[in-house]
>>> print(open('data-v1.txt').read())   # compact mmCIF, N, CA and C atoms
# COMPACT_ATOMS: atom_id res chain seq x y z
N SER A 1 -6.79 160.29 -73.65
CA SER A 1 -6.77 158.83 -73.66
C SER A 1 -7.64 158.29 -72.53
N LEU A 2 -8.06 157.07 -72.69
CA LEU A 2 -8.93 156.42 -71.72
C LEU A 2 -8.22 155.22 -71.11
N LEU A 3 -8.54 154.92 -69.88
CA LEU A 3 -8.05 153.74 -69.20
C LEU A 3 -9.24 152.84 -68.94
N TYR A 4 -9.14 151.59 -69.31
CA TYR A 4 -10.19 150.62 -69.03
C TYR A 4 -9.66 149.60 -68.03
N GLY A 5 -10.46 149.25 -67.04
CA GLY A 5 -10.07 148.26 -66.06
C GLY A 5 -11.18 147.25 -65.88
N SER A 6 -10.80 145.98 -65.88
CA SER A 6 -11.74 144.91 -65.60
C SER A 6 -11.52 144.51 -64.15
N PHE A 7 -12.50 144.83 -63.31
CA PHE A 7 -12.38 144.57 -61.89
C PHE A 7 -13.19 143.32 -61.53
N THR A 8 -12.54 142.35 -60.91
CA THR A 8 -13.15 141.07 -60.60
C THR A 8 -14.51 141.24 -59.93
N GLY A 9 -15.51 140.65 -60.57
CA GLY A 9 -16.86 140.68 -60.05
C GLY A 9 -17.59 142.00 -60.23
N ALA A 10 -16.90 143.00 -60.82
CA ALA A 10 -17.53 144.32 -60.96
C ALA A 10 -17.55 144.81 -62.41
N GLY A 11 -17.12 143.98 -63.34
CA GLY A 11 -17.16 144.34 -64.74
C GLY A 11 -16.06 145.31 -65.17
N ILE A 12 -16.29 145.95 -66.32
CA ILE A 12 -15.32 146.87 -66.90
C ILE A 12 -15.70 148.31 -66.55
N TRP A 13 -14.69 149.06 -66.15
CA TRP A 13 -14.85 150.47 -65.83
C TRP A 13 -13.94 151.29 -66.73
N LYS A 14 -14.40 152.50 -67.06
CA LYS A 14 -13.64 153.41 -67.92
C LYS A 14 -13.24 154.63 -67.10
N TYR A 15 -11.95 155.02 -67.21
CA TYR A 15 -11.44 156.20 -66.53
C TYR A 15 -11.06 157.23 -67.59
N ASP A 16 -11.66 158.41 -67.53
CA ASP A 16 -11.43 159.44 -68.55
C ASP A 16 -10.41 160.49 -68.13
N GLY A 17 -9.70 160.24 -67.04
CA GLY A 17 -8.73 161.19 -66.53
C GLY A 17 -9.25 161.93 -65.30
N THR A 18 -10.55 161.86 -65.10
CA THR A 18 -11.17 162.53 -63.96
C THR A 18 -12.05 161.58 -63.16
N THR A 19 -12.91 160.85 -63.86
CA THR A 19 -13.86 159.98 -63.17
C THR A 19 -13.88 158.58 -63.77
N TRP A 20 -14.32 157.65 -62.93
CA TRP A 20 -14.52 156.27 -63.34
C TRP A 20 -16.01 156.06 -63.61
N GLY A 21 -16.33 155.29 -64.64
CA GLY A 21 -17.72 154.93 -64.92
C GLY A 21 -17.80 153.48 -65.37
N GLN A 22 -18.76 152.75 -64.86
CA GLN A 22 -18.92 151.35 -65.23
C GLN A 22 -19.57 151.26 -66.60
N ILE A 23 -18.98 150.44 -67.50
CA ILE A 23 -19.54 150.29 -68.84
C ILE A 23 -20.14 148.91 -69.08
N THR A 24 -19.86 147.96 -68.22
CA THR A 24 -20.52 146.65 -68.25
C THR A 24 -20.30 145.95 -66.92
N THR A 25 -21.24 145.10 -66.54
CA THR A 25 -21.10 144.35 -65.30
C THR A 25 -20.38 143.02 -65.54
N ASN A 26 -20.13 142.70 -66.80
CA ASN A 26 -19.48 141.44 -67.16
C ASN A 26 -17.96 141.62 -67.22
N ASN A 27 -17.24 140.57 -66.83
CA ASN A 27 -15.78 140.59 -66.91
C ASN A 27 -15.30 139.79 -68.12
N PRO A 28 -14.46 140.38 -68.95
CA PRO A 28 -13.93 139.66 -70.10
C PRO A 28 -12.76 138.77 -69.71
N GLN A 29 -12.49 137.80 -70.57
CA GLN A 29 -11.30 136.97 -70.41
C GLN A 29 -10.08 137.86 -70.64
N PHE A 30 -10.14 138.70 -71.67
CA PHE A 30 -9.12 139.72 -71.92
C PHE A 30 -9.69 140.81 -72.79
N MET A 31 -8.95 141.94 -72.85
CA MET A 31 -9.39 143.12 -73.58
C MET A 31 -8.26 143.62 -74.46
N SER A 32 -8.63 144.42 -75.46
CA SER A 32 -7.66 145.12 -76.30
C SER A 32 -8.34 146.42 -76.73
N ALA A 33 -7.56 147.48 -76.85
CA ALA A 33 -8.14 148.77 -77.23
C ALA A 33 -7.27 149.45 -78.27
N ALA A 34 -7.91 150.21 -79.15
CA ALA A 34 -7.20 151.02 -80.15
C ALA A 34 -8.14 152.12 -80.60
N GLY A 35 -7.58 153.30 -80.78
CA GLY A 35 -8.41 154.42 -81.20
C GLY A 35 -9.53 154.62 -80.20
N SER A 36 -10.74 154.71 -80.69
CA SER A 36 -11.90 154.91 -79.81
C SER A 36 -12.61 153.61 -79.47
N MET A 37 -12.03 152.46 -79.85
CA MET A 37 -12.69 151.16 -79.64
C MET A 37 -12.04 150.35 -78.53
N LEU A 38 -12.90 149.70 -77.75
CA LEU A 38 -12.48 148.71 -76.77
C LEU A 38 -13.07 147.39 -77.22
N TYR A 39 -12.27 146.33 -77.18
CA TYR A 39 -12.73 144.99 -77.53
C TYR A 39 -12.59 144.10 -76.31
N GLY A 40 -13.61 143.31 -76.05
CA GLY A 40 -13.57 142.37 -74.94
C GLY A 40 -13.95 140.98 -75.42
N SER A 41 -13.17 139.99 -74.99
CA SER A 41 -13.47 138.59 -75.29
C SER A 41 -14.10 138.00 -74.03
N PHE A 42 -15.39 137.71 -74.11
CA PHE A 42 -16.14 137.20 -72.97
C PHE A 42 -16.32 135.69 -73.12
N THR A 43 -15.80 134.93 -72.19
CA THR A 43 -15.81 133.46 -72.25
C THR A 43 -17.19 132.93 -72.60
N GLY A 44 -17.26 132.14 -73.68
CA GLY A 44 -18.50 131.53 -74.10
C GLY A 44 -19.46 132.47 -74.82
N ASN A 45 -19.09 133.74 -74.95
CA ASN A 45 -19.98 134.72 -75.58
C ASN A 45 -19.28 135.53 -76.66
N GLY A 46 -18.08 135.12 -77.05
CA GLY A 46 -17.39 135.76 -78.16
C GLY A 46 -16.83 137.14 -77.86
N VAL A 47 -16.55 137.86 -78.95
CA VAL A 47 -15.93 139.18 -78.87
C VAL A 47 -16.97 140.27 -79.09
N TRP A 48 -16.87 141.29 -78.25
CA TRP A 48 -17.74 142.45 -78.32
C TRP A 48 -16.87 143.69 -78.48
N LYS A 49 -17.40 144.71 -79.19
CA LYS A 49 -16.68 145.98 -79.28
C LYS A 49 -17.52 147.06 -78.64
N TYR A 50 -16.82 147.99 -78.00
CA TYR A 50 -17.46 149.11 -77.33
C TYR A 50 -16.95 150.40 -77.97
N ASP A 51 -17.84 151.21 -78.52
CA ASP A 51 -17.45 152.42 -79.24
C ASP A 51 -17.52 153.68 -78.38
N GLY A 52 -17.64 153.51 -77.08
CA GLY A 52 -17.76 154.65 -76.18
C GLY A 52 -19.18 154.85 -75.70
N THR A 53 -20.13 154.25 -76.43
CA THR A 53 -21.54 154.36 -76.08
C THR A 53 -22.24 153.01 -76.08
N THR A 54 -21.98 152.23 -77.13
CA THR A 54 -22.72 151.00 -77.37
C THR A 54 -21.81 149.79 -77.51
N TRP A 55 -22.25 148.65 -76.97
CA TRP A 55 -21.58 147.37 -77.16
C TRP A 55 -22.20 146.67 -78.37
N SER A 56 -21.35 146.09 -79.24
CA SER A 56 -21.81 145.33 -80.40
C SER A 56 -21.10 143.98 -80.42
N HIS A 57 -21.86 142.92 -80.66
CA HIS A 57 -21.32 141.56 -80.74
C HIS A 57 -20.72 141.37 -82.13
N ILE A 58 -19.40 141.10 -82.20
CA ILE A 58 -18.77 141.01 -83.52
C ILE A 58 -18.37 139.60 -83.93
N THR A 59 -18.34 138.66 -83.01
CA THR A 59 -18.17 137.25 -83.34
C THR A 59 -18.56 136.40 -82.14
N PRO A 60 -19.19 135.23 -82.39
CA PRO A 60 -19.55 134.35 -81.29
C PRO A 60 -18.36 133.54 -80.79
N ASN A 61 -17.25 133.59 -81.51
CA ASN A 61 -16.06 132.80 -81.17
C ASN A 61 -15.13 133.57 -80.24
N ASN A 62 -14.42 132.82 -79.39
CA ASN A 62 -13.45 133.43 -78.49
C ASN A 62 -12.04 133.15 -78.99
N PRO A 63 -11.25 134.21 -79.19
CA PRO A 63 -9.87 134.01 -79.64
C PRO A 63 -8.97 133.59 -78.49
N GLN A 64 -7.85 132.98 -78.87
CA GLN A 64 -6.82 132.63 -77.91
C GLN A 64 -6.03 133.90 -77.56
N PHE A 65 -5.82 134.76 -78.57
CA PHE A 65 -5.17 136.06 -78.41
C PHE A 65 -5.90 137.06 -79.27
N MET A 66 -5.81 138.33 -78.91
CA MET A 66 -6.26 139.37 -79.81
C MET A 66 -5.44 140.62 -79.56
N SER A 67 -5.28 141.43 -80.61
CA SER A 67 -4.51 142.65 -80.53
C SER A 67 -5.14 143.66 -81.48
N ALA A 68 -5.31 144.89 -81.00
CA ALA A 68 -5.93 145.93 -81.81
C ALA A 68 -4.93 147.05 -82.09
N SER A 69 -5.09 147.67 -83.26
CA SER A 69 -4.29 148.83 -83.63
C SER A 69 -5.06 149.63 -84.67
N GLY A 70 -5.15 150.92 -84.45
CA GLY A 70 -5.90 151.77 -85.39
C GLY A 70 -7.34 151.31 -85.46
N SER A 71 -7.81 151.02 -86.66
CA SER A 71 -9.19 150.57 -86.84
C SER A 71 -9.28 149.06 -87.01
N LEU A 72 -8.19 148.34 -86.73
CA LEU A 72 -8.15 146.90 -86.94
C LEU A 72 -8.05 146.12 -85.64
N LEU A 73 -8.68 144.95 -85.64
CA LEU A 73 -8.55 144.00 -84.54
C LEU A 73 -8.10 142.68 -85.15
N TYR A 74 -7.09 142.06 -84.54
CA TYR A 74 -6.62 140.76 -84.98
C TYR A 74 -6.94 139.75 -83.89
N GLY A 75 -7.42 138.58 -84.29
CA GLY A 75 -7.72 137.51 -83.35
C GLY A 75 -7.14 136.21 -83.82
N SER A 76 -6.51 135.48 -82.90
CA SER A 76 -5.98 134.15 -83.20
C SER A 76 -6.96 133.15 -82.60
N PHE A 77 -7.65 132.43 -83.47
CA PHE A 77 -8.67 131.48 -83.05
C PHE A 77 -8.11 130.06 -83.14
N THR A 78 -8.08 129.35 -82.03
CA THR A 78 -7.47 128.03 -81.94
C THR A 78 -7.91 127.12 -83.09
N GLY A 79 -6.94 126.61 -83.82
CA GLY A 79 -7.20 125.70 -84.93
C GLY A 79 -7.72 126.37 -86.20
N ALA A 80 -7.95 127.68 -86.17
CA ALA A 80 -8.51 128.38 -87.33
C ALA A 80 -7.62 129.52 -87.83
N GLY A 81 -6.47 129.73 -87.19
CA GLY A 81 -5.54 130.76 -87.65
C GLY A 81 -5.86 132.15 -87.15
N VAL A 82 -5.22 133.13 -87.80
CA VAL A 82 -5.37 134.54 -87.43
C VAL A 82 -6.35 135.21 -88.38
N TRP A 83 -7.26 135.98 -87.79
CA TRP A 83 -8.28 136.69 -88.54
C TRP A 83 -8.15 138.18 -88.26
N LYS A 84 -8.47 139.00 -89.26
CA LYS A 84 -8.43 140.46 -89.15
C LYS A 84 -9.85 140.99 -89.26
N TYR A 85 -10.22 141.85 -88.30
CA TYR A 85 -11.54 142.49 -88.29
C TYR A 85 -11.33 143.96 -88.62
N ASP A 86 -11.98 144.44 -89.68
CA ASP A 86 -11.79 145.83 -90.13
C ASP A 86 -12.92 146.76 -89.70
N GLY A 87 -13.75 146.30 -88.79
CA GLY A 87 -14.88 147.11 -88.34
C GLY A 87 -16.19 146.66 -88.96
N ALA A 88 -16.08 145.87 -90.04
CA ALA A 88 -17.28 145.39 -90.73
C ALA A 88 -17.26 143.88 -90.96
N ALA A 89 -16.09 143.33 -91.26
CA ALA A 89 -16.01 141.90 -91.60
C ALA A 89 -14.71 141.30 -91.08
N TRP A 90 -14.76 139.99 -90.88
CA TRP A 90 -13.57 139.22 -90.49
C TRP A 90 -13.01 138.54 -91.74
N ASN A 91 -11.69 138.55 -91.90
CA ASN A 91 -11.02 137.85 -92.99
C ASN A 91 -9.82 137.11 -92.43
N ARG A 92 -9.69 135.84 -92.81
CA ARG A 92 -8.54 135.04 -92.34
C ARG A 92 -7.29 135.47 -93.09
N ILE A 93 -6.21 135.75 -92.33
CA ILE A 93 -4.97 136.18 -92.96
C ILE A 93 -3.88 135.11 -92.90
N THR A 94 -4.07 134.08 -92.09
CA THR A 94 -3.19 132.92 -92.09
C THR A 94 -3.91 131.77 -91.40
N PRO A 95 -3.69 130.54 -91.86
CA PRO A 95 -4.31 129.39 -91.20
C PRO A 95 -3.54 128.96 -89.95
N ASN A 96 -2.37 129.57 -89.72
CA ASN A 96 -1.50 129.20 -88.60
C ASN A 96 -1.82 130.01 -87.35
N ASN A 97 -1.62 129.38 -86.20
CA ASN A 97 -1.84 130.06 -84.93
C ASN A 97 -0.51 130.40 -84.28
N PRO A 98 -0.31 131.66 -83.90
CA PRO A 98 0.94 132.08 -83.27
C PRO A 98 0.97 131.81 -81.77
N GLN A 99 2.19 131.84 -81.21
CA GLN A 99 2.38 131.79 -79.76
C GLN A 99 2.02 133.14 -79.17
N PHE A 100 2.42 134.19 -79.89
CA PHE A 100 2.20 135.57 -79.47
C PHE A 100 1.87 136.39 -80.71
N MET A 101 1.19 137.51 -80.51
CA MET A 101 1.01 138.47 -81.58
C MET A 101 0.77 139.84 -80.97
N SER A 102 1.22 140.85 -81.70
CA SER A 102 1.08 142.21 -81.23
C SER A 102 1.00 143.14 -82.43
N ALA A 103 0.03 144.05 -82.43
CA ALA A 103 -0.17 144.97 -83.54
C ALA A 103 0.29 146.37 -83.17
N SER A 104 0.80 147.09 -84.18
CA SER A 104 1.20 148.48 -84.01
C SER A 104 1.07 149.17 -85.35
N GLY A 105 0.34 150.28 -85.36
CA GLY A 105 0.12 150.98 -86.63
C GLY A 105 -0.58 150.05 -87.60
N SER A 106 -0.04 149.90 -88.79
CA SER A 106 -0.64 149.02 -89.79
C SER A 106 0.03 147.65 -89.82
N LEU A 107 0.87 147.35 -88.83
CA LEU A 107 1.62 146.10 -88.81
C LEU A 107 1.15 145.16 -87.71
N LEU A 108 1.21 143.86 -88.02
CA LEU A 108 0.97 142.81 -87.04
C LEU A 108 2.22 141.96 -86.98
N PHE A 109 2.73 141.73 -85.79
CA PHE A 109 3.88 140.87 -85.58
C PHE A 109 3.40 139.61 -84.89
N SER A 110 3.80 138.45 -85.40
CA SER A 110 3.37 137.17 -84.83
C SER A 110 4.56 136.24 -84.69
N ALA A 111 4.67 135.60 -83.54
CA ALA A 111 5.72 134.62 -83.29
C ALA A 111 5.09 133.24 -83.39
N PHE A 112 5.61 132.45 -84.31
CA PHE A 112 5.09 131.09 -84.52
C PHE A 112 6.09 130.09 -83.96
N SER A 113 5.63 129.21 -83.11
CA SER A 113 6.49 128.23 -82.45
C SER A 113 7.37 127.49 -83.45
N GLY A 114 8.67 127.60 -83.27
CA GLY A 114 9.63 126.91 -84.13
C GLY A 114 9.80 127.53 -85.50
N ASP A 115 9.10 128.61 -85.80
CA ASP A 115 9.21 129.22 -87.13
C ASP A 115 9.50 130.72 -87.07
N GLY A 116 9.92 131.21 -85.93
CA GLY A 116 10.34 132.59 -85.82
C GLY A 116 9.22 133.61 -85.78
N VAL A 117 9.62 134.87 -86.02
CA VAL A 117 8.71 136.00 -85.98
C VAL A 117 8.43 136.47 -87.40
N TRP A 118 7.15 136.72 -87.66
CA TRP A 118 6.70 137.17 -88.97
C TRP A 118 5.99 138.52 -88.83
N LYS A 119 6.11 139.33 -89.87
CA LYS A 119 5.46 140.65 -89.91
C LYS A 119 4.41 140.62 -91.01
N TYR A 120 3.21 141.10 -90.69
CA TYR A 120 2.12 141.20 -91.66
C TYR A 120 1.85 142.68 -91.88
N ASP A 121 1.91 143.13 -93.15
CA ASP A 121 1.75 144.56 -93.46
C ASP A 121 0.36 144.91 -94.00
N GLY A 122 -0.57 143.98 -93.87
CA GLY A 122 -1.92 144.22 -94.39
C GLY A 122 -2.16 143.48 -95.69
N ALA A 123 -1.07 143.03 -96.33
CA ALA A 123 -1.19 142.29 -97.59
C ALA A 123 -0.33 141.04 -97.61
N THR A 124 0.89 141.14 -97.10
CA THR A 124 1.82 140.01 -97.17
C THR A 124 2.51 139.77 -95.83
N TRP A 125 2.95 138.53 -95.66
CA TRP A 125 3.72 138.12 -94.49
C TRP A 125 5.19 138.08 -94.87
N SER A 126 6.08 138.54 -93.98
CA SER A 126 7.54 138.46 -94.17
C SER A 126 8.16 137.94 -92.88
N LYS A 127 9.06 137.00 -93.05
CA LYS A 127 9.76 136.46 -91.89
C LYS A 127 10.87 137.43 -91.51
N ILE A 128 10.88 137.87 -90.23
CA ILE A 128 11.89 138.85 -89.82
C ILE A 128 12.97 138.25 -88.91
N THR A 129 12.75 137.05 -88.40
CA THR A 129 13.79 136.32 -87.67
C THR A 129 13.40 134.84 -87.63
N PRO A 130 14.40 133.94 -87.73
CA PRO A 130 14.08 132.52 -87.64
C PRO A 130 13.87 132.04 -86.21
N ASN A 131 14.20 132.90 -85.24
CA ASN A 131 14.10 132.52 -83.83
C ASN A 131 12.74 132.90 -83.25
N SER A 132 12.25 132.06 -82.36
CA SER A 132 10.99 132.34 -81.67
C SER A 132 11.29 132.87 -80.28
N PRO A 133 10.76 134.06 -79.93
CA PRO A 133 11.02 134.62 -78.60
C PRO A 133 10.18 133.96 -77.52
N ALA A 134 10.61 134.14 -76.28
CA ALA A 134 9.86 133.62 -75.14
C ALA A 134 8.64 134.51 -74.87
N SER A 135 8.74 135.78 -75.25
CA SER A 135 7.62 136.71 -75.19
C SER A 135 7.97 137.89 -76.09
N MET A 136 6.99 138.71 -76.41
CA MET A 136 7.27 139.89 -77.23
C MET A 136 6.16 140.91 -77.08
N VAL A 137 6.53 142.16 -77.34
CA VAL A 137 5.60 143.28 -77.31
C VAL A 137 6.11 144.30 -78.31
N VAL A 138 5.22 145.04 -78.93
CA VAL A 138 5.62 146.05 -79.90
C VAL A 138 5.14 147.41 -79.40
N ASN A 139 5.92 148.44 -79.68
CA ASN A 139 5.58 149.79 -79.24
C ASN A 139 5.55 150.70 -80.46
>>> encode(input="data-v1.txt", output="structure tokens")
Amino acid sequence: SLLYGSFTGAGIWKYDGTTWGQITTNNPQFMSAAGSMLYGSFTGNGVWKYDGTTWSHITPNNPQFMSASGSLLYGSFTGAGVWKYDGAAWNRITPNNPQFMSASGSLLFSAFSGDGVWKYDGATWSKITPNSPASMVVN
């Protein structure tokens, strides 16, 4: 496994268990990683993915939240809902924006203010509680 750290003013560094190496001099607003991919949301410059060698620009828009799992990246874009990136294309999966979201395996969990927590299985949304949590994380 790899550890990525965004160090203020020094960009993103990757730790492979033995050594640290700088992979960009830019600092992201936030990052998410899954499998062999690292995703960074850079203020005013959208989302980029890093495959271990190369950075690729995957959208000019900056999400409010993003969460990655497996080969998927989910982004909540203010006023535009939640979008799923499969490595090739973005597809909107709901027009609503969550307070929180967290992906695990093939599932995305999203907490919508006043409407509880919903689970997305890649095809359909199911409400799993009518209550909205103050925070949440999935393992």
>>> residues_around(input="data-v1.txt", residues="A:Ala33", least_positions_apart="6", cutoff="7 Å", atoms="all atoms listed in the file", output="list in words")
Tyr39, Ser67, Ala68, Ser69 and Gly70 of chain A
>>> atom_distance(input="data-v1.txt", atom1="atom N of A:Asn61", atom2="atom N of A:Asn26")
17.5 Å
>>> atom_distance(input="data-v1.txt", atom1="atom C of A:Gln64", atom2="atom N of A:Asn91")
16.1 Å
>>> atom_distance(input="data-v1.txt", atom1="atom N of A:Leu2", atom2="atom N of A:Gly52")
11.1 Å
>>> closest_residue(input="data-v1.txt", among="A:Tyr15, A:Met66, A:Gly116, A:Trp83", to="A:Ser32", atoms="only N, CA and C atoms")
A:Met66
>>> residues_around(input="data-v1.txt", residues="A:Ile12", least_positions_apart="5", cutoff="6 Å", atoms="all atoms listed in the file", output="PDB file with N, CA and C atoms, in the coordinates of the input")
ATOM      1  N   GLY A   5     -10.460 149.250 -67.040  1.00  0.00           N
ATOM      2  CA  GLY A   5     -10.070 148.260 -66.060  1.00  0.00           C
ATOM      3  C   GLY A   5     -11.180 147.250 -65.880  1.00  0.00           C
ATOM      4  N   SER A   6     -10.800 145.980 -65.880  1.00  0.00           N
ATOM      5  CA  SER A   6     -11.740 144.910 -65.600  1.00  0.00           C
ATOM      6  C   SER A   6     -11.520 144.510 -64.150  1.00  0.00           C
ATOM      7  N   PHE A   7     -12.500 144.830 -63.310  1.00  0.00           N
ATOM      8  CA  PHE A   7     -12.380 144.570 -61.890  1.00  0.00           C
ATOM      9  C   PHE A   7     -13.190 143.320 -61.530  1.00  0.00           C
ATOM     10  N   GLY A  21     -16.330 155.290 -64.640  1.00  0.00           N
ATOM     11  CA  GLY A  21     -17.720 154.930 -64.920  1.00  0.00           C
ATOM     12  C   GLY A  21     -17.800 153.480 -65.370  1.00  0.00           C
ATOM     13  N   GLN A  22     -18.760 152.750 -64.860  1.00  0.00           N
ATOM     14  CA  GLN A  22     -18.920 151.350 -65.230  1.00  0.00           C
ATOM     15  C   GLN A  22     -19.570 151.260 -66.600  1.00  0.00           C
ATOM     16  N   ILE A  23     -18.980 150.440 -67.500  1.00  0.00           N
ATOM     17  CA  ILE A  23     -19.540 150.290 -68.840  1.00  0.00           C
ATOM     18  C   ILE A  23     -20.140 148.910 -69.080  1.00  0.00           C
ATOM     19  N   THR A  24     -19.860 147.960 -68.220  1.00  0.00           N
ATOM     20  CA  THR A  24     -20.520 146.650 -68.250  1.00  0.00           C
ATOM     21  C   THR A  24     -20.300 145.950 -66.920  1.00  0.00           C
ATOM     22  N   THR A  25     -21.240 145.100 -66.540  1.00  0.00           N
ATOM     23  CA  THR A  25     -21.100 144.350 -65.300  1.00  0.00           C
ATOM     24  C   THR A  25     -20.380 143.020 -65.540  1.00  0.00           C
ATOM     25  N   ASN A  26     -20.130 142.700 -66.800  1.00  0.00           N
ATOM     26  CA  ASN A  26     -19.480 141.440 -67.160  1.00  0.00           C
ATOM     27  C   ASN A  26     -17.960 141.620 -67.220  1.00  0.00           C
ATOM     28  N   ASN A  27     -17.240 140.570 -66.830  1.00  0.00           N
ATOM     29  CA  ASN A  27     -15.780 140.590 -66.910  1.00  0.00           C
ATOM     30  C   ASN A  27     -15.300 139.790 -68.120  1.00  0.00           C
TER      31      ASN A  27
END
>>> closest_residue(input="data-v1.txt", among="A:Ser36, A:Thr59, A:Ser106, A:Gln99", to="A:Ser135", atoms="all atoms listed in the file")
A:Gln99
>>> select_by_dssp(input="data-v1.txt", residues="stretch 23-119 of chain A", states="strand (DSSP E)", output="PyMOL selection string")
chain A and resi 23-24+30-34+37-42+46-50+55-59+65-69+72-77+81-85+90-94+100-104+107-112+116-119
>>> build_atoms(input="data-v1.txt", residues="stretch 83-96 of chain A", atoms="N, CA, C and O atoms", output="PDB file, in the frame of the given file")
ATOM      1  N   TRP A  83      -7.260 135.980 -87.790  1.00  0.00           N
ATOM      2  CA  TRP A  83      -8.280 136.690 -88.540  1.00  0.00           C
ATOM      3  C   TRP A  83      -8.150 138.180 -88.260  1.00  0.00           C
ATOM      4  O   TRP A  83      -7.796 138.588 -87.150  1.00  0.00           O
ATOM      5  N   LYS A  84      -8.470 139.000 -89.260  1.00  0.00           N
ATOM      6  CA  LYS A  84      -8.430 140.460 -89.150  1.00  0.00           C
ATOM      7  C   LYS A  84      -9.850 140.990 -89.260  1.00  0.00           C
ATOM      8  O   LYS A  84     -10.589 140.648 -90.178  1.00  0.00           O
ATOM      9  N   TYR A  85     -10.220 141.850 -88.300  1.00  0.00           N
ATOM     10  CA  TYR A  85     -11.540 142.490 -88.290  1.00  0.00           C
ATOM     11  C   TYR A  85     -11.330 143.960 -88.620  1.00  0.00           C
ATOM     12  O   TYR A  85     -10.585 144.663 -87.932  1.00  0.00           O
ATOM     13  N   ASP A  86     -11.980 144.440 -89.680  1.00  0.00           N
ATOM     14  CA  ASP A  86     -11.790 145.830 -90.130  1.00  0.00           C
ATOM     15  C   ASP A  86     -12.920 146.760 -89.700  1.00  0.00           C
ATOM     16  O   ASP A  86     -13.043 147.877 -90.199  1.00  0.00           O
ATOM     17  N   GLY A  87     -13.750 146.300 -88.790  1.00  0.00           N
ATOM     18  CA  GLY A  87     -14.880 147.110 -88.340  1.00  0.00           C
ATOM     19  C   GLY A  87     -16.190 146.660 -88.960  1.00  0.00           C
ATOM     20  O   GLY A  87     -17.263 147.018 -88.489  1.00  0.00           O
ATOM     21  N   ALA A  88     -16.080 145.870 -90.040  1.00  0.00           N
ATOM     22  CA  ALA A  88     -17.280 145.390 -90.730  1.00  0.00           C
ATOM     23  C   ALA A  88     -17.260 143.880 -90.960  1.00  0.00           C
ATOM     24  O   ALA A  88     -18.288 143.228 -90.848  1.00  0.00           O
ATOM     25  N   ALA A  89     -16.090 143.330 -91.260  1.00  0.00           N
ATOM     26  CA  ALA A  89     -16.010 141.900 -91.600  1.00  0.00           C
ATOM     27  C   ALA A  89     -14.710 141.300 -91.080  1.00  0.00           C
ATOM     28  O   ALA A  89     -13.711 142.000 -90.893  1.00  0.00           O
ATOM     29  N   TRP A  90     -14.760 139.990 -90.880  1.00  0.00           N
ATOM     30  CA  TRP A  90     -13.570 139.220 -90.490  1.00  0.00           C
ATOM     31  C   TRP A  90     -13.010 138.540 -91.740  1.00  0.00           C
ATOM     32  O   TRP A  90     -13.768 137.986 -92.539  1.00  0.00           O
ATOM     33  N   ASN A  91     -11.690 138.550 -91.900  1.00  0.00           N
ATOM     34  CA  ASN A  91     -11.020 137.850 -92.990  1.00  0.00           C
ATOM     35  C   ASN A  91      -9.820 137.110 -92.430  1.00  0.00           C
ATOM     36  O   ASN A  91      -9.034 137.686 -91.662  1.00  0.00           O
ATOM     37  N   ARG A  92      -9.690 135.840 -92.810  1.00  0.00           N
ATOM     38  CA  ARG A  92      -8.540 135.040 -92.340  1.00  0.00           C
ATOM     39  C   ARG A  92      -7.290 135.470 -93.090  1.00  0.00           C
ATOM     40  O   ARG A  92      -7.298 135.545 -94.313  1.00  0.00           O
ATOM     41  N   ILE A  93      -6.210 135.750 -92.330  1.00  0.00           N
ATOM     42  CA  ILE A  93      -4.970 136.180 -92.960  1.00  0.00           C
ATOM     43  C   ILE A  93      -3.880 135.110 -92.900  1.00  0.00           C
ATOM     44  O   ILE A  93      -2.884 135.225 -93.599  1.00  0.00           O
ATOM     45  N   THR A  94      -4.070 134.080 -92.090  1.00  0.00           N
ATOM     46  CA  THR A  94      -3.190 132.920 -92.090  1.00  0.00           C
ATOM     47  C   THR A  94      -3.910 131.770 -91.400  1.00  0.00           C
ATOM     48  O   THR A  94      -4.641 131.993 -90.432  1.00  0.00           O
ATOM     49  N   PRO A  95      -3.690 130.540 -91.860  1.00  0.00           N
ATOM     50  CA  PRO A  95      -4.310 129.390 -91.200  1.00  0.00           C
ATOM     51  C   PRO A  95      -3.540 128.960 -89.950  1.00  0.00           C
ATOM     52  O   PRO A  95      -3.980 128.103 -89.208  1.00  0.00           O
ATOM     53  N   ASN A  96      -2.370 129.570 -89.720  1.00  0.00           N
ATOM     54  CA  ASN A  96      -1.500 129.200 -88.600  1.00  0.00           C
ATOM     55  C   ASN A  96      -1.820 130.010 -87.350  1.00  0.00           C
ATOM     56  O   ASN A  96      -2.224 131.162 -87.445  1.00  0.00           O
TER      57      ASN A  96
END
